[in-house]
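Participant: Below is a structure I'd like to ask you about.
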Amino acid sequence: MIGQIKGRLIGKNAPEILVEVGGITYEILVPMSTLYQLPDLDGMVHLYTHFSVREDAQILYGFFDAESKRMFRSLVRVNGVGPKLALGILSGMSVDEFVQTVKGNDSDSLVKMPGVGKKTAERLIIEMRDKLSEWDSTDTSSNLSLVPNSTFIKDAEIAMVSLGYKPQQASRAISQVLKNNPEIDDSEELIRFSLKSMI
């Protein structure tokens with residue numbers, strides 16, 4: 001079992017990346033949310049991994065954070081959802097967004113994901129609802145939809161995107177800042193803290 005990998009990023013060809021560890025190169029499939037957060041080639045990466053063994057292949061999946069790996073493992077246990085579809089879902093929305101989509105019974109948002117039809121969306125909501133009841137990541141202020149006066153949050157995200165950051169990068173940085181500093185209620189202060197966290 002390969003649980004984590006630390007090494008040098010030597011190739012990026014979405015959804016596959018190549019990571020060299022001690023002279024061995026690993027082929028790893030990653031969601032776009034992870035790909036956006038990777039360094040340039042030759043940079044060092046630390047990924048949480050899931051090793052899948054099938055009759056016809058052995059595949060390594062990688063994730064930027066532990067909660068994405070945990071969500072991936074929960075998704076592939078849903079009837080009719082394989083690793084490819086789970087990877088697609090985590091490419092199209094963040095973990096927190098997926099949790100809120102399920103809790104809000106928002107099948108329309110799930111149908112927008114590649115490969116997710118109406119029946120699959122409904123199955124995801126039904127089967128994942130109980131599993132997500134113990135999901136603690138959304139019980140914090142990182143859930144932007146539950147933050148009062150969240151206009152300043154949207155302003156901060158727009159500003160960071162205009163500075164060149166990917167939308168998911170900006171959203172994740174802002175969520176983490178709010179989680180650690182729930183007292184922030186000003187867009188300028190939120191942008192400043194978020195930019196610092198990206199360094």
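In the structure tokens, chains take the letters A, B, ... in the order shown, each chain's residues start at 1, and ligands count up from 1 in the order shown.
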Near A:Ile10, within 6 Å and counting only C-alpha atoms, which residues show up once chain neighbours fewer than 2 positions away are dropped, as a list in words?
Facilitator: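 Near neighbours after the sequence-gap exclusion: Leu18, Val19, Leu41 and Asp42 of chain A.
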Participant: Can you build me a table of stretch 64-163 of chain A residues sitting at most 7 Å from stretch 184-197 of chain A, with the closest atom pair per residue and its distance in Å to one decimal, using only C-alpha atoms, sorted by chain and residue number, as JSON lines?
Facilitator:
```
{"residue": "A:Phe152", "atom": "CA", "partner": "A:Ser187", "partner_atom": "CA", "distance": 4.7}
{"residue": "A:Ile153", "atom": "CA", "partner": "A:Ser187", "partner_atom": "CA", "distance": 6.3}
{"residue": "A:Asp155", "atom": "CA", "partner": "A:Ser187", "partner_atom": "CA", "distance": 6.4}
{"residue": "A:Ala156", "atom": "CA", "partner": "A:Ser187", "partner_atom": "CA", "distance": 5.3}
```
Participant: Could you name the residues that touch A:Leu35 at 10 Å or less, counting only C-alpha atoms, but leaving out those on the same chain fewer than 2 positions away, as a list of chain:residue names?
Facilitator: A:Lys12, A:Asn13, A:Ala14, A:Pro15, A:Glu16, A:Ile17, A:Leu29, A:Val30, A:Pro31, A:Met32, A:Ser33, A:Gln37, A:Leu38, A:Pro39, A:Gly62, A:Phe63, A:Phe64, A:Ser91
Participant: Just to confirm, what's the straight-line distance from atom CA of A:Leu75 to atom CA of A:Val99 in Å (one decimal)?
Facilitator: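 According to the coordinates, atom CA of A:Leu75 and atom CA of A:Val99 are separated by 11.4 Å.
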